[in-house]
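For reference, the structure discussed in these notes is given below.
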Amino acid sequence: RRSGLEPDRDFVVLDHAPRPGGAWQFRWPSLTYGKVHGMHALPGMELTTAESDDARPSSEVIGAYFTAYERRFGLRVHRPVDVRAVREGDGGRLLVETSEGNWSARGLISATGTWDRPFWPRYPGQETFRGRQLHTADYPGPGKFAGLRVVVVGGGASGTQHLMEIAEVAADTTWVTRRPPVFREGPFGEEQGRAAVALVDERVRRGLPPRSVVSVTGLPVTEAITRARETGVLDRLPMFDRITPTGVAWDDGRTVEADVILWATGFRPAVSHLSPLGLREPGGGIRVEGTRAVRDERVHLVGYGPSASTIGANRAGRAAVREIKRLLEREPAVA
């Protein structure tokens with residue numbers, strides 16, 4: 001809109017979610033706004049919250065902000081609309097196939113994030129487990145784990161948050177990660193942030209799948225983390241070798257009995273709708289320069305790799321619009 005384009009005349013926003021808020025609307029109730037790390041305002045409208053909002057679910061606080069944002073700028077988002085595929089169309093345009101019919105586009109910004117692609121690792125014996133297995137995407141909050149023996153798999157921010165709150169009500173918890181977790185002491189300022197973004201950016205420029213955020217930033221040491229480390233809640237075990245009907249086991253003979261295995265194993269980019277365009281590189285990722293897909297300059301990815309954060313997406317959004325504007329000016333519309 002700042003560049004002079006009008007919703008529903010020059011561009012259209014399609015969202016498959018039922019309401020504003022992106023992936024935030026699906027976050028578990030116990031993730032309160034006070035526990036959110038670094039939510040950044042969207043361009044042109046400050047994110048102002050009351051002191052009491054820290055105790056409210058982040059899904060409510062951020063969902064309300066996104067709702068107000070869409071209304072203020074009249075974005076007229078179409079929802080719920082599922083984008084099923086993007087393929088080559090007529091006259092140099094892209095054909096966008098959706099649950100509400102097809103669109104013809106001269107440029108595309110794919111801002112689909114990762115929430116719709118939870119990653120479930122496969123381990124021997126997984127299908128024999130008699131207890132419950134669930135992923136962060138389905139995490140209901142700690143109450144459902146009262147009195148149970150729970151194995152939490154994953155060394156990221158979600159895994160540690162799940163573990164710490166489940167430990168308060170569960171009969172027993174076990175934390176399992178592929179690599180020893182890296183706890184980050186001290187401040188995380190602009191310099192450290194730029195360095196982390198550069199590491200992610202370097203991978204997508206080479207056409208490799210983006211790495212998780214925590215793999216380059218580490219886990220910030222908060223008061224809650226310090227307490228959990230002191231009490232042994234964050235004593236970590238290496239990844240088990242197989243799953244048994246009653247728990248998990250290691251080749252050295254160690255076993256842990258469990259009622260629940262919670263896979264806090266992250267997400268993968270939701271880009272399957274772009275498959276018909278053949279954008280993937282041999283390394284498995286989509287090679288991106290800035291936000292532009294190297295194999296197709298009409299396609300931009302926001303929320304992929306270094307732009308997978310609100311502040312990163314703000315910068316990426318501006319860059320994508322600038323490049324698409326240049327593309328439109330260079331290639332006049334075909335009737």
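Simple scheme: letters A, B, ... for chains in structure tokens order, numbers from 1 for residues in each chain, numbers from 1 for ligands in the order shown.
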
* Quick one: DSSP strand (DSSP E) residues in stretch 155-284 of chain A, as JSON, numbers by chain? -> {"A": [172, 173, 174, 175, 176, 177, 183, 184, 219, 220, 236, 237, 238, 242, 243, 244, 247, 248, 249, 255, 256, 257, 260, 261, 262, 263]}

* Shell of 10 Å around stretch 270-280 of chain A, only C-alpha atoms, local chain residues under 5 positions omitted, as a PyMOL selection string -> chain A and resi 82-88+94+96-98+110-118+207-209+285-288+293-296+299+301+303-304

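Near A:Met39, within 12 Å and counting only C-alpha atoms, sit A:Trp24, A:Tyr33, A:Gly34, A:Lys35, A:Val36, A:Leu42, A:Glu46, A:Leu47, A:Thr48, A:Thr49, A:Ser58, A:Val61, A:Ile62, A:Tyr65, A:Ser309, A:Thr310, A:Ile311, A:Gly312, A:Ala313, A:Asn314; same-chain residues fewer than 3 positions away were not included.
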
Which residues come within 7 Å of stretch 124-126 of chain A, counting only C-alpha atoms, excluding same-chain residues fewer than 3 positions away, as an mmCIF file with C-alpha atoms, in the first residue's frame?
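Saved to result-v8.cif:
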data_model
loop_
_atom_site.group_PDB
_atom_site.id
_atom_site.type_symbol
_atom_site.label_atom_id
_atom_site.label_comp_id
_atom_site.auth_asym_id
_atom_site.auth_seq_id
_atom_site.Cartn_x
_atom_site.Cartn_y
_atom_site.Cartn_z
ATOM 1 C CA PHE A 129 4.548 -47.454 21.416
ATOM 2 C CA ARG A 242 14.697 -46.992 19.482
ATOM 3 C CA ILE A 243 11.184 -46.805 20.859
ATOM 4 C CA THR A 244 9.646 -49.694 22.763
#

* Please indicate the distance in Å from atom CA of A:Glu257 to atom CA of A:Val176, rounded to one decimal place. =>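 We find that atom CA of A:Glu257 and atom CA of A:Val176 lie 13.3 Å from each other.
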
* Give me every helix (DSSP H, G or I) residue in stretch 108-320 of chain A, going by DSSP on the backbone, as an NGL selection string. => :A and (126-128 or 136-138 or 142-145 or 157-166 or 190-205 or 214-217 or 223-231 or 272-277 or 305-307 or 310-320)

* What separation in Å, quoted to one decimal, exists between atom CA of A:Arg93 and atom CA of A:Gly107? ->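 Going from atom CA of A:Arg93 over to atom CA of A:Gly107 covers 7.7 Å.
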
* Mind giving me the straight-line distance from atom CA of A:Thr231 to atom CA of A:Arg149 in Å, one decimal? => 17.4 Å

* Asked: Of the candidates A:Glu230, A:Val256, A:Arg298, A:Ala319, which one gets nearest to A:Leu95 if we count only C-alpha atoms?
  -> A:Arg298
